[in-house]
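Visitor: My questions all concern the structure below.
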Number of protein chains: 4
Amino acid sequence: MNRDVANRRLRAGIVGGGQGSFIGAVHRIAAELDGQAEIVAGAMSTDPQRAATSAQAWFLKRSYNSFQEMAEKEAQLQDGIDFVIIAIPNYMHFPVAKVFLEHGIHVVSDKPMSFTLEEAQEEVALVERGDLIFALTHNYTGYPTVRHARELVRHGALGAIRKVLVEYVQDWLMESVEKSGNKQAVWRTDPTKSGISGCVGDIGTHAENLLEFITGLKITSLCADLTTFVEGRALEDDANMLLRLENGGKGLLTCSQIAAGEENNLTIRVYGSKAGLEWHQMEPNTLIFKEPGKPQQILRTGLPYMSDEAKVATRLPAGHPEGFLEAFANLYKMIIADIRRVEEGNKPMGGYPTVYDGLRGMQFVTKAVESSRNGSTWVNM
Amino acid sequence: MNRDVANRRLRAGIVGGGQGSFIGAVHRIAAELDGQAEIVAGAMSTDPQRAATSAQAWFLKRSYNSFQEMAEKEAQLQDGIDFVIIAIPNYMHFPVAKVFLEHGIHVVSDKPMSFTLEEAQEEVALVERGDLIFALTHNYTGYPTVRHARELVRHGALGAIRKVLVEYVQDWLMESVEKSGNKQAVWRTDPTKSGISGCVGDIGTHAENLLEFITGLKITSLCADLTTFVEGRALEDDANMLLRLENGGKGLLTCSQIAAGEENNLTIRVYGSKAGLEWHQMEPNTLIFKEPGKPQQILRTGLPYMSDEAKVATRLPAGHPEGFLEAFANLYKMIIADIRRVEEGNKPMGGYPTVYDGLRGMQFVTKAVESSRNGSTWVNM
Amino acid sequence: MNRDVANRRLRAGIVGGGQGSFIGAVHRIAAELDGQAEIVAGAMSTDPQRAATSAQAWFLKRSYNSFQEMAEKEAQLQDGIDFVIIAIPNYMHFPVAKVFLEHGIHVVSDKPMSFTLEEAQEEVALVERGDLIFALTHNYTGYPTVRHARELVRHGALGAIRKVLVEYVQDWLMESVEKSGNKQAVWRTDPTKSGISGCVGDIGTHAENLLEFITGLKITSLCADLTTFVEGRALEDDANMLLRLENGGKGLLTCSQIAAGEENNLTIRVYGSKAGLEWHQMEPNTLIFKEPGKPQQILRTGLPYMSDEAKVATRLPAGHPEGFLEAFANLYKMIIADIRRVEEGNKPMGGYPTVYDGLRGMQFVTKAVESSRNGSTWVNM
Amino acid sequence: MNRDVANRRLRAGIVGGGQGSFIGAVHRIAAELDGQAEIVAGAMSTDPQRAATSAQAWFLKRSYNSFQEMAEKEAQLQDGIDFVIIAIPNYMHFPVAKVFLEHGIHVVSDKPMSFTLEEAQEEVALVERGDLIFALTHNYTGYPTVRHARELVRHGALGAIRKVLVEYVQDWLMESVEKSGNKQAVWRTDPTKSGISGCVGDIGTHAENLLEFITGLKITSLCADLTTFVEGRALEDDANMLLRLENGGKGLLTCSQIAAGEENNLTIRVYGSKAGLEWHQMEPNTLIFKEPGKPQQILRTGLPYMSDEAKVATRLPAGHPEGFLEAFANLYKMIIADIRRVEEGNKPMGGYPTVYDGLRGMQFVTKAVESSRNGSTWVNM
């Protein structure tokens with residue numbers, strides 16, 4: 001590579017994230033939080049007026065009316081963007097990523113990685129052929145407690161993993177809000193925008209990713225029961241699955257967007273032959289470690305006994321809560337450091353979800369839908 | 001019936017429950033707690049010495065060396081027992097119940113009701129032919145909060161039930177403690193004492209009973225994945241299941257005795273089209289009620305807004321914790337009142353688990369084992 | 001002593017506790033819970049009709065119209081009561097105890113021990129002159145977790161105690177319910193029945209007792225601010241106090257019966273030079289142990305690491321919640337064992353609150369009121 | 001004023017916050033989080049080398065060796081800073097603020113506002129004479145839940161406030177870490193840097209500020225017991241206080257830095273004549289609302305029932321935890337908006353702590369120390 005990235009914040013562009021978007025602002029805050037990057041350009045909406053207003057609200061230097069235009073022009077500027085952030089509905093993830101990769105610009109993409117499994121496979125090939133960083137924001141892996149959980153498993157504190165219970169339940173789609181104009185709901189419940197799956201693709205993949213991230217184990221087969229509870233909806237809004245893991249362990253995964261009274265409850269429990277652990281995204285600074293016959297231990301972000309993996313992902317002293325944005329920013333911290341490495345001719349170090357996690361997620365969605373369509377029978381991943 | 005039960009505590013006998021038994025003392029405390037019954041006779045062990053010592057420790061008036069002898073003699077005494085408590089390993093539940101029923105003595109039995117599904121069916125027929133009370137101690141239905149949960153569902157506060165998550169996880173069998181003489185473990189892991197199932201029969205049935213009790217819905221089919229994690233063990237110590245309910249609702253049930261760090265974690269969450277609820281046996285005085293878009297409500301035993309069903313099952317003012325024994329005693333309270341009713345020529349009022357719950361439990365166990373043996377495929381209940 | 005107490009349940013009488021009483025049923029259940037005693041006689045009300053009906057509801061063998069009559073007659077019966085339970089308003093605690101002690105009958109009394117400090121001093125002298133057991137039901141010391149907390153302090157796990165925060169807050173008197181006939185409220189807010197103090201005497205003494213029980217330290221001085229928030233009430237319904245302990249430690253105590261939304265929240269936190277602990281009466285099976293720089297430990301009733309002091313006070317396996325009644329019964333267990341010891345000519349072993357705790361409580365109440373009346377200045381205990 | 005602040009991020013400078021500082025990075029993240037400001041200049045250390053390195057690490061455009069130099073030069077630059085952030089030990093807060101105010105630069109200062117009460121009074125006069133924004137980072141008032149709590153009180157949901165319990169307890173000074181080089185501890189325990197008080201000034205003021213912010217009531221008198229538990233320490237590390245409020249309400253305040261096992265536990269409970277509320281800084285997205293006789297309500301950041309005051313302080317959907325940095329950023333959001341208003345000739349709208357809160361805090365510290373020195377007697381505020 002040939003960008004001079006020393007002594008400055010990296011420059012980023014964003015596709016999507018215009019006014020009304022929730023995830024756009026999340027990306028901006030997370031990318032800029034550690035003062036290592038700044039968003040300077042955007043193709044924030046396909047509506048030119050909205051694109052301009054959105055860019056102005058963020059004080060962006062350059063606003064474009066299409067992502068193609070942004071890719072082409074930025075690639076030629078002396079002070080063009082170093083990386084692009086993709087914050088648009090699923091069906092556009094791959095085409096946008098492809099264009100920027102082809103113009104030599106690093107990519108940070110929302111999940112799922114693509115619209116179809118085939119696209120995901122193509123994307124893997126594309127990334128493997130080049131030297132560019134491709135990162136996927138499975139942001140929950142950014143929490144210090146989640147990273148510590150993985151360390152505990154890695155170092156054998158749990159023994160052999162026997163059982164995993166993972167769930168991601170919400171209630172925001174329990175009525176047909178897509179019919180009353182909720183923008184977030186409209187595209188997520190539309191197969192032409194979202195893909196073959198509703199809640200499995202949207203949040204089930206986070207649960208799957210978290211399970212494999214913490215345990216280091218692959219799901220080898222699954223039996224899935226997908227349900228659409230809200231009348232007139234084209235995609236499932238609830239799913240239950242039996243899982244089998246590569247080491248003989250067993251699991252349960254449930255995800256739902258019709259679970260009345262649940263906000264954003266992503267919870268994982270892992271039970272091994274020696275100990276267990278438990279983590280709740282809604283109380284993210286706490287990790288519960290459970291050894292049989294001993295007192296439960298409440299592990300907390302910021303305390304000295306946490307692993308180095310957790311410490312580098314922590315900004316504040318214990319008892320000063322860090323949340324969703326800080327965890328998201330932890331991914332950006334690693335991604336930006338890797339972009340600097342690559343631009344300076346060094347090897348990337350990773351630590352954040354990549355194109356392979358993206359492929360894995362698309363396989364998971366594909367197999368879950370296949371299982372359910374076949375009468376909820378077992379399928380191999 | 002013809003016993004004169006007015007102006008006195010009822011008289012009970014117990015089969016099993018000798019020294020070393022956990023559940024024996026539970027039955028004694030629960031049966032006597034409200035001052036409406038007293039245990040006066042026992043066949044507390046098949047070992048005569050242990051039977052005598054156990055009976056003496058409880059100041060029992062009459063100790064027997066066999067349950068047959070107790071049934072025969074007590075049936076003829078002027079002040080013989082009104083009901084018998086069965087607190088022995090599973091394989092003897094039915095034969096003992098049968099003898100006492102045949103001698104005209106009411107029965108309170110531990111669950112599961114029998115060793116096999118056939119016995120359960122025979123027991124239903126036996127009870128239906130007579131006028132005796134037969135009660136099964138699915139004790140978790142005795143908690144005021146559980147009874148209030150059922151009321152909420154009954155009165156439509158949750159709307160149509162869409163999703164149920166129920167779990168019962170423990171860790172006390174995570175090592176092969178049956179080999180080091182743990183008496184509780186020895187018979188529970190022995191198919192000749194326990195039956196075709198390990199943890200599903202032992203605790204999974206509580207989860208199934210709780211689900212059907214609170215929702216008022218039958219499980220119509222299930223897909224179960226049973227696992228034996230501890231080497232050398234003959235019965236499963238872990239199970240995951242997908243459930244389908246008669247109204248189209250879906251469910252997940254997991255039970256385990258190898259879940260590291262879990263004590264006695266029976267938890268149920270029910271999600272309906274209008275609201276959800278959540279209950280944890282280990283914090284039994286709390287019931288969480290969740291309406292979308294409204295603050296979660298923490299309902300507590302003893303407060304004025306609780307339903308009458310909960311209030312009659314509550315002995316103390318709010319904030320004075322009631323626990324496992326009080327819930328167990330709530331079943332006895334209803335059972336004893338029904339025995340009084342029946343002896344006085346009136347109709348029983350029920351409210352506690354009966355022979356039909358026992359049959360249901362045995363069907364559940366049978367079907368779960370069948371599903372798992374068939375490669376974890378769907379079976380109808 | 002000369003009663004033959006072998007091979008039988010002890011016989012108890014009760015003064016008070018008639019229909020409508022909350023604490024009467026608590027005493028009956030707690031005294032009988034372990035099958036070591038049975039209530040056989042009562043002077044349950046000063047209203048003869050209510051006394052009779054109450055006694056009949058409990059199937060008592062003998063009902064009296066006055067406590068004097070009961071003391072005299074029971075003392076002469078072959079199968080008279082071994083001990084008496086005093087469950088009446090404060091102003092009668094001492095006179096009743098005195099009569100039974102003078103008739104050679106052991107006493108279990110509600111707290112506070114007396115109406116005035118002078119009576120308390122007289123009662124100490126009376127008990128010291130005889131060989132009878134006098135026990136005071138500061139029942140919160142009966143919880144296994146509380147007993148374990150005391151063991152932790154005793155064995156130095158906390159180091160030198162520096163700071164104690166103890167609170168007992170309720171809301172049931174936040175309106176003037178005494179004017180609408182709430183029987184519990186009427187006598188508690190009446191200085192002629194309750195004494196010089198309202199909430200300090202009623203619940204503040206539990207907090208004081210718990211503090212001294214767990215820490216083993218005496219309060220040496222206090223500065224108290226007592227307030228009557230509900231108009232027209234004669235006694236305080238809220239109190240805040242600064243405390244100083246004999247070892248140089250400092251403390252805060254607050255008690256209130258007007259703390260909106262609080263049920264029966266008795267909480268204590270103790271901080272030492274090495275570690276801290278925390279206990280909440282409303283989640284009584286949990287004790288939190290906190291060492292700086294280490295994970296918090298969640299200690300739970302019924303687990304193997306608990307001290308023997310906790311284990312003997314535990315009836316169920318871990319995860320089977322025990323509550324208020326079981327803790328209350330733990331005091332009775334020790335008291336009854338001591339009555340047996342004394343009757344068999346042996347020394348009592350104690351372990352439950354005695355006349356000295358009662359005296360201490362009356363000193364605390366007296367000093368708190370004195371401090372507050374003097375403009376909330378410091379007074380020595 | 002005359003700066004053109006339209007269409008750009010505001011420019012900030014920072015005094016202090018060099019490498020090793022915790023609060024410096026907090027200010028940078030919080031000030032920049034919403035993309036409305038950027039730190040461009042700094043006098044980050046009195047050590048020139050450290051100042052330069054720190055500025056470089058943040059990619060600052062201009063680094064100074066003294067705050068005086070920064071004030072003078074920035075005031076004359078065309079693109080000079082709009083406001084300064086003061087992030088240095090207490091004894092320098094006032095002198096630095098004074099210089100920048102005199103150079104026409106807005107000020108955001110750490111608390112406490114000054115070293116002495118006299119300085120605080122002088123600072124009030126200084127700010128009142130000008131048109132500059134002076135903001136004090138009592139950051140805990142920035143949480144949406146805290147702002148909603150204030151709204152609940154304001155709108156009468158609690159009725160008349162009767163009782164407040166507020167505490168701020170930590171354990172990080174429970175050993176004499178100041179002797180082993182802990183930089184944060186060294187100046188905080190040094191009266192020449194910190195002032196007349198240790199933990200009262202450092203964290204007690206946050207508790208006092210939170211109490212007055214939420215209740216809208218002034219503390220009128222207090223009785224304080226300050227203690228130094230760690231040997232050789234010059235300032236108190238623990239304090240207990242009785243409080244009286246202007247409306248007749250009563251309170252307790254405790255703060256400590258030797259409370260073993262506590263991280264950063266700032267908790268407030270407010271009890272009124274109609275309802276109560278409870279908030280814990282370590283679970284900041286939750287506010288508990290308690291009405292007597294009704295279910296407790298768990299109010300959560302991001303849900304539709306929250307007040308507008310809470311909503312404008314919320315960036316994410318419910319269940320996506322926001323923490324300490326976001327709350328801190330909420331103050332900056334309001335401060336920056338007010339600087340824009342003032343520069344555009346409009347009136348500031350406030351909403352964040354100002355010079356009057358700073359004065360109040362210094363009075364509180366002064367009176368607490370006075371009370372304790374006088375034998376823990378009552379003093380008026």
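To be explicit about the labels: the chains of the structure tokens are called A, B, and onward in the order shown, and within each one the residues are counted from 1, while ligands get numbers from 1 in the order they are shown.
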Could you please tell me, as a list in words, which residues of chain A have an atom within 10 Å of chain C when using only C-alpha atoms?
Guide: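 Contact residues on the first chain: Leu287, Ile288, Phe289, Lys290, Pro292, Gly293, Lys294, Pro295, Gln296, Gln297, Ile298, Leu299, Arg300, Gly302, Leu303, Pro304, Tyr305, Met306 and Ala318 of chain A.
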Visitor: Which neighbours of Asp357 (chain C) fall inside 8 Å, counting only C-alpha atoms, when residues of the same chain fewer than 3 positions from it are skipped, and could you give them as a short mmCIF file (atom, residue, chain, number, x, y, z; two decimals) with all heavy atoms, in the first residue's frame?
Guide:
data_model
loop_
_atom_site.label_atom_id
_atom_site.label_comp_id
_atom_site.auth_asym_id
_atom_site.auth_seq_id
_atom_site.Cartn_x
_atom_site.Cartn_y
_atom_site.Cartn_z
N LEU C 136 -35.11 -14.40 73.03
CA LEU C 136 -35.77 -13.25 72.40
C LEU C 136 -35.70 -13.46 70.89
O LEU C 136 -34.64 -13.75 70.34
CB LEU C 136 -35.00 -11.99 72.80
CG LEU C 136 -35.70 -10.65 72.66
CD1 LEU C 136 -36.76 -10.51 73.76
CD2 LEU C 136 -34.68 -9.53 72.78
N ASN C 209 -29.40 -5.02 66.40
CA ASN C 209 -29.04 -6.38 66.80
C ASN C 209 -28.23 -7.09 65.72
O ASN C 209 -27.24 -7.76 66.00
CB ASN C 209 -30.32 -7.17 67.11
CG ASN C 209 -30.03 -8.58 67.59
OD1 ASN C 209 -30.11 -9.53 66.82
ND2 ASN C 209 -29.61 -8.73 68.83
N PRO C 353 -30.62 -15.10 70.55
CA PRO C 353 -30.63 -13.88 71.36
C PRO C 353 -31.24 -14.13 72.75
O PRO C 353 -32.23 -14.87 72.86
CB PRO C 353 -31.50 -12.92 70.54
CG PRO C 353 -31.47 -13.45 69.15
CD PRO C 353 -31.37 -14.94 69.30
N THR C 354 -30.65 -13.50 73.72
CA THR C 354 -31.08 -13.72 75.11
C THR C 354 -31.47 -12.41 75.77
O THR C 354 -31.60 -11.38 75.12
CB THR C 354 -29.92 -14.34 75.92
OG1 THR C 354 -28.89 -13.34 76.02
CG2 THR C 354 -29.36 -15.58 75.24
N ARG C 360 -29.78 -4.78 75.67
CA ARG C 360 -29.06 -3.96 74.68
C ARG C 360 -30.04 -3.21 73.77
O ARG C 360 -29.87 -2.03 73.49
CB ARG C 360 -28.20 -4.93 73.85
CG ARG C 360 -27.21 -4.28 72.95
CD ARG C 360 -25.98 -3.85 73.70
NE ARG C 360 -25.21 -2.97 72.84
CZ ARG C 360 -24.52 -1.94 73.28
NH1 ARG C 360 -24.45 -1.66 74.57
NH2 ARG C 360 -23.87 -1.18 72.43
N GLY C 361 -31.05 -3.90 73.34
CA GLY C 361 -32.04 -3.29 72.46
C GLY C 361 -32.76 -2.14 73.16
O GLY C 361 -33.00 -1.08 72.57
#
Visitor: CA of His155 (chain B) and CA of Met362 (chain B), how far apart in Å?
Guide: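 That distance, rounded to one decimal, is 29.2 Å.
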Visitor: Within 12 Å of Gly13 (chain D), counting only C-alpha atoms, which residues show up once you throw out same-chain ones fewer than 2 positions away? Write them as a PyMOL selection string, please.
Guide: chain D and resi 10-11+15-17+24+27-28+31-32+37-44+55+58+60-64+67+69-71+73-75+79-87+100+105-109
Visitor: With only C-alpha atoms as the counted atoms, please give the residues lying no more than 7 Å from Gly272 (chain D), apart from itself and same-chain residues fewer than 5 positions off, as a ChimeraX atom specification.
Guide: /C:260 /D:158-163
Visitor: Residues at most 9 Å from Asp202 (chain C), counting only C-alpha atoms, excluding those fewer than 6 positions away in the same chain, as a list of chain:residue names?
Guide: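 Counting only the stated atoms, we get C:Lys111, C:Pro112, C:Arg188, C:Ser194.
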Visitor: Among region 182-252 of chain B, which residues carry a DSSP assignment of strand (DSSP E), reported as a list in words?
Guide: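 The strand (DSSP E) subset of region 182-252 of chain B is Ile219, Thr220, Ser221, Leu222, Cys223, Ala224, Asp225, Leu226, Thr227, Asp238, Ala239, Asn240, Met241, Leu242, Leu243, Arg244, Leu245, Lys250, Gly251 and Leu252 of chain B.
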Visitor: For Phe364 (chain C), please output as a list in words all residues within 10 Å (counting only C-alpha atoms; exclusion window: fewer than 6 positions along the same chain).
Guide: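 That gives Leu117, Val200, Gly201, Gly204, Thr205, Glu208, Asn209, Ile219, Ser221, Leu222, Gly358, Glu370, Asn380 and Met381 of chain C.
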Visitor: Enumerate the residues of region 225-371 of chain C with a DSSP assignment of alpha helix (DSSP H), computed from the backbone, and present them as a VMD selection string.
Guide: chain C and resid 308 to 311 324 to 343 355 to 371
Visitor: Name all residues at most 9 Å from Ala368 (chain A) (count only C-alpha atoms; drop same-chain ones fewer than 4 positions away) and give them as a PyMOL selection string.
Guide: chain A and resi 197+200+222-226+239+241+363-364+372-373+376+379
Visitor: Those same residues - all heavy atoms - I'd like them written as a tab-separated table (two decimals), in the first residue's frame.
Guide:
chain	number	residue	atom	x	y	z
A	197	SER	N	-34.17	-14.57	5.17
A	197	SER	CA	-34.48	-14.72	6.59
A	197	SER	C	-34.74	-13.38	7.24
A	197	SER	O	-34.19	-12.35	6.85
A	197	SER	CB	-33.29	-15.39	7.28
A	197	SER	OG	-33.31	-15.15	8.66
A	200	VAL	N	-33.49	-14.42	12.05
A	200	VAL	CA	-32.26	-15.22	12.10
A	200	VAL	C	-31.11	-14.44	11.47
A	200	VAL	O	-30.01	-14.37	12.03
A	200	VAL	CB	-32.44	-16.59	11.41
A	200	VAL	CG1	-31.11	-17.33	11.31
A	200	VAL	CG2	-33.46	-17.44	12.16
A	222	LEU	N	-27.64	-28.43	12.84
A	222	LEU	CA	-28.70	-27.73	13.56
A	222	LEU	C	-30.06	-28.21	13.10
A	222	LEU	O	-30.22	-28.76	12.00
A	222	LEU	CB	-28.58	-26.21	13.37
A	222	LEU	CG	-28.58	-25.64	11.96
A	222	LEU	CD1	-29.99	-25.54	11.39
A	222	LEU	CD2	-27.94	-24.25	11.97
A	223	CYS	N	-31.03	-28.02	13.97
A	223	CYS	CA	-32.43	-28.36	13.69
A	223	CYS	C	-33.23	-27.13	14.10
A	223	CYS	O	-33.28	-26.78	15.28
A	223	CYS	CB	-32.82	-29.60	14.51
A	223	CYS	SG	-34.55	-30.05	14.36
A	224	ALA	N	-33.82	-26.47	13.11
A	224	ALA	CA	-34.38	-25.14	13.37
A	224	ALA	C	-35.88	-25.08	13.13
A	224	ALA	O	-36.39	-25.66	12.17
A	224	ALA	CB	-33.69	-24.11	12.47
A	225	ASP	N	-36.57	-24.40	14.01
A	225	ASP	CA	-38.02	-24.21	13.90
A	225	ASP	C	-38.29	-22.71	13.81
A	225	ASP	O	-38.29	-22.00	14.80
A	225	ASP	CB	-38.68	-24.82	15.14
A	225	ASP	CG	-40.18	-24.98	14.97
A	225	ASP	OD1	-40.69	-24.79	13.84
A	225	ASP	OD2	-40.86	-25.28	15.98
A	226	LEU	N	-38.51	-22.25	12.56
A	226	LEU	CA	-38.72	-20.82	12.33
A	226	LEU	C	-40.22	-20.53	12.21
A	226	LEU	O	-40.96	-21.29	11.59
A	226	LEU	CB	-38.03	-20.38	11.03
A	226	LEU	CG	-36.54	-20.03	11.10
A	226	LEU	CD1	-35.70	-21.10	11.76
A	226	LEU	CD2	-36.00	-19.70	9.71
A	239	ALA	N	-37.36	-17.82	16.09
A	239	ALA	CA	-36.72	-19.10	15.75
A	239	ALA	C	-36.18	-19.79	16.98
A	239	ALA	O	-35.65	-19.14	17.89
A	239	ALA	CB	-35.57	-18.85	14.76
A	241	MET	N	-33.72	-23.28	17.89
A	241	MET	CA	-32.83	-24.27	17.25
A	241	MET	C	-32.12	-25.15	18.26
A	241	MET	O	-31.64	-24.66	19.28
A	241	MET	CB	-31.72	-23.55	16.47
A	241	MET	CG	-32.21	-22.64	15.38
A	241	MET	SD	-30.82	-21.95	14.44
A	241	MET	CE	-31.61	-20.41	13.91
A	363	GLN	N	-23.82	-18.97	5.94
A	363	GLN	CA	-24.08	-20.41	5.98
A	363	GLN	C	-25.12	-20.73	7.05
A	363	GLN	O	-26.04	-21.52	6.84
A	363	GLN	CB	-22.78	-21.18	6.28
A	363	GLN	CG	-21.82	-21.21	5.10
A	363	GLN	CD	-20.45	-21.73	5.50
A	363	GLN	OE1	-20.02	-21.57	6.63
A	363	GLN	NE2	-19.75	-22.34	4.53
A	364	PHE	N	-24.95	-20.12	8.18
A	364	PHE	CA	-25.88	-20.35	9.30
A	364	PHE	C	-27.30	-19.98	8.90
A	364	PHE	O	-28.25	-20.75	9.09
A	364	PHE	CB	-25.41	-19.54	10.51
A	364	PHE	CG	-26.38	-19.54	11.65
A	364	PHE	CD1	-26.55	-20.66	12.44
A	364	PHE	CD2	-27.13	-18.39	11.95
A	364	PHE	CE1	-27.44	-20.66	13.51
A	364	PHE	CE2	-28.02	-18.38	13.01
A	364	PHE	CZ	-28.18	-19.51	13.78
A	372	SER	N	-35.70	-25.54	8.57
A	372	SER	CA	-37.09	-25.23	8.90
A	372	SER	C	-38.02	-25.58	7.74
A	372	SER	O	-39.10	-26.15	7.95
A	372	SER	CB	-37.22	-23.76	9.29
A	372	SER	OG	-38.43	-23.51	9.95
A	373	ARG	N	-37.59	-25.27	6.52
A	373	ARG	CA	-38.42	-25.60	5.35
A	373	ARG	C	-38.58	-27.10	5.18
A	373	ARG	O	-39.60	-27.57	4.66
A	373	ARG	CB	-37.80	-24.99	4.08
A	373	ARG	CG	-38.00	-23.48	4.03
A	373	ARG	CD	-37.45	-22.89	2.74
A	373	ARG	NE	-37.60	-21.43	2.76
A	373	ARG	CZ	-36.94	-20.60	1.95
A	373	ARG	NH1	-36.08	-21.09	1.05
A	373	ARG	NH2	-37.11	-19.30	2.03
A	376	SER	N	-38.24	-28.84	9.94
A	376	SER	CA	-37.40	-28.76	11.13
A	376	SER	C	-36.64	-30.06	11.38
A	376	SER	O	-36.77	-30.69	12.43
A	376	SER	CB	-38.23	-28.35	12.36
A	376	SER	OG	-38.80	-27.08	12.17
A	379	VAL	N	-29.81	-30.50	9.69
A	379	VAL	CA	-28.95	-30.25	8.53
A	379	VAL	C	-27.54	-29.98	9.02
A	379	VAL	O	-27.33	-29.46	10.10
A	379	VAL	CB	-29.44	-29.04	7.68
A	379	VAL	CG1	-30.79	-29.32	7.06
A	379	VAL	CG2	-29.48	-27.78	8.52
Visitor: How many Å separate CA of Gln121 (chain B) from CA of Thr137 (chain B)?
Guide: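 Value for the CA of Gln121 (chain B)-CA of Thr137 (chain B) distance: 18.1 Å.
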Visitor: What is the CA of Thr215 (chain B) to CA of Glu246 (chain B) distance in Å?
Guide: 10.8 Å
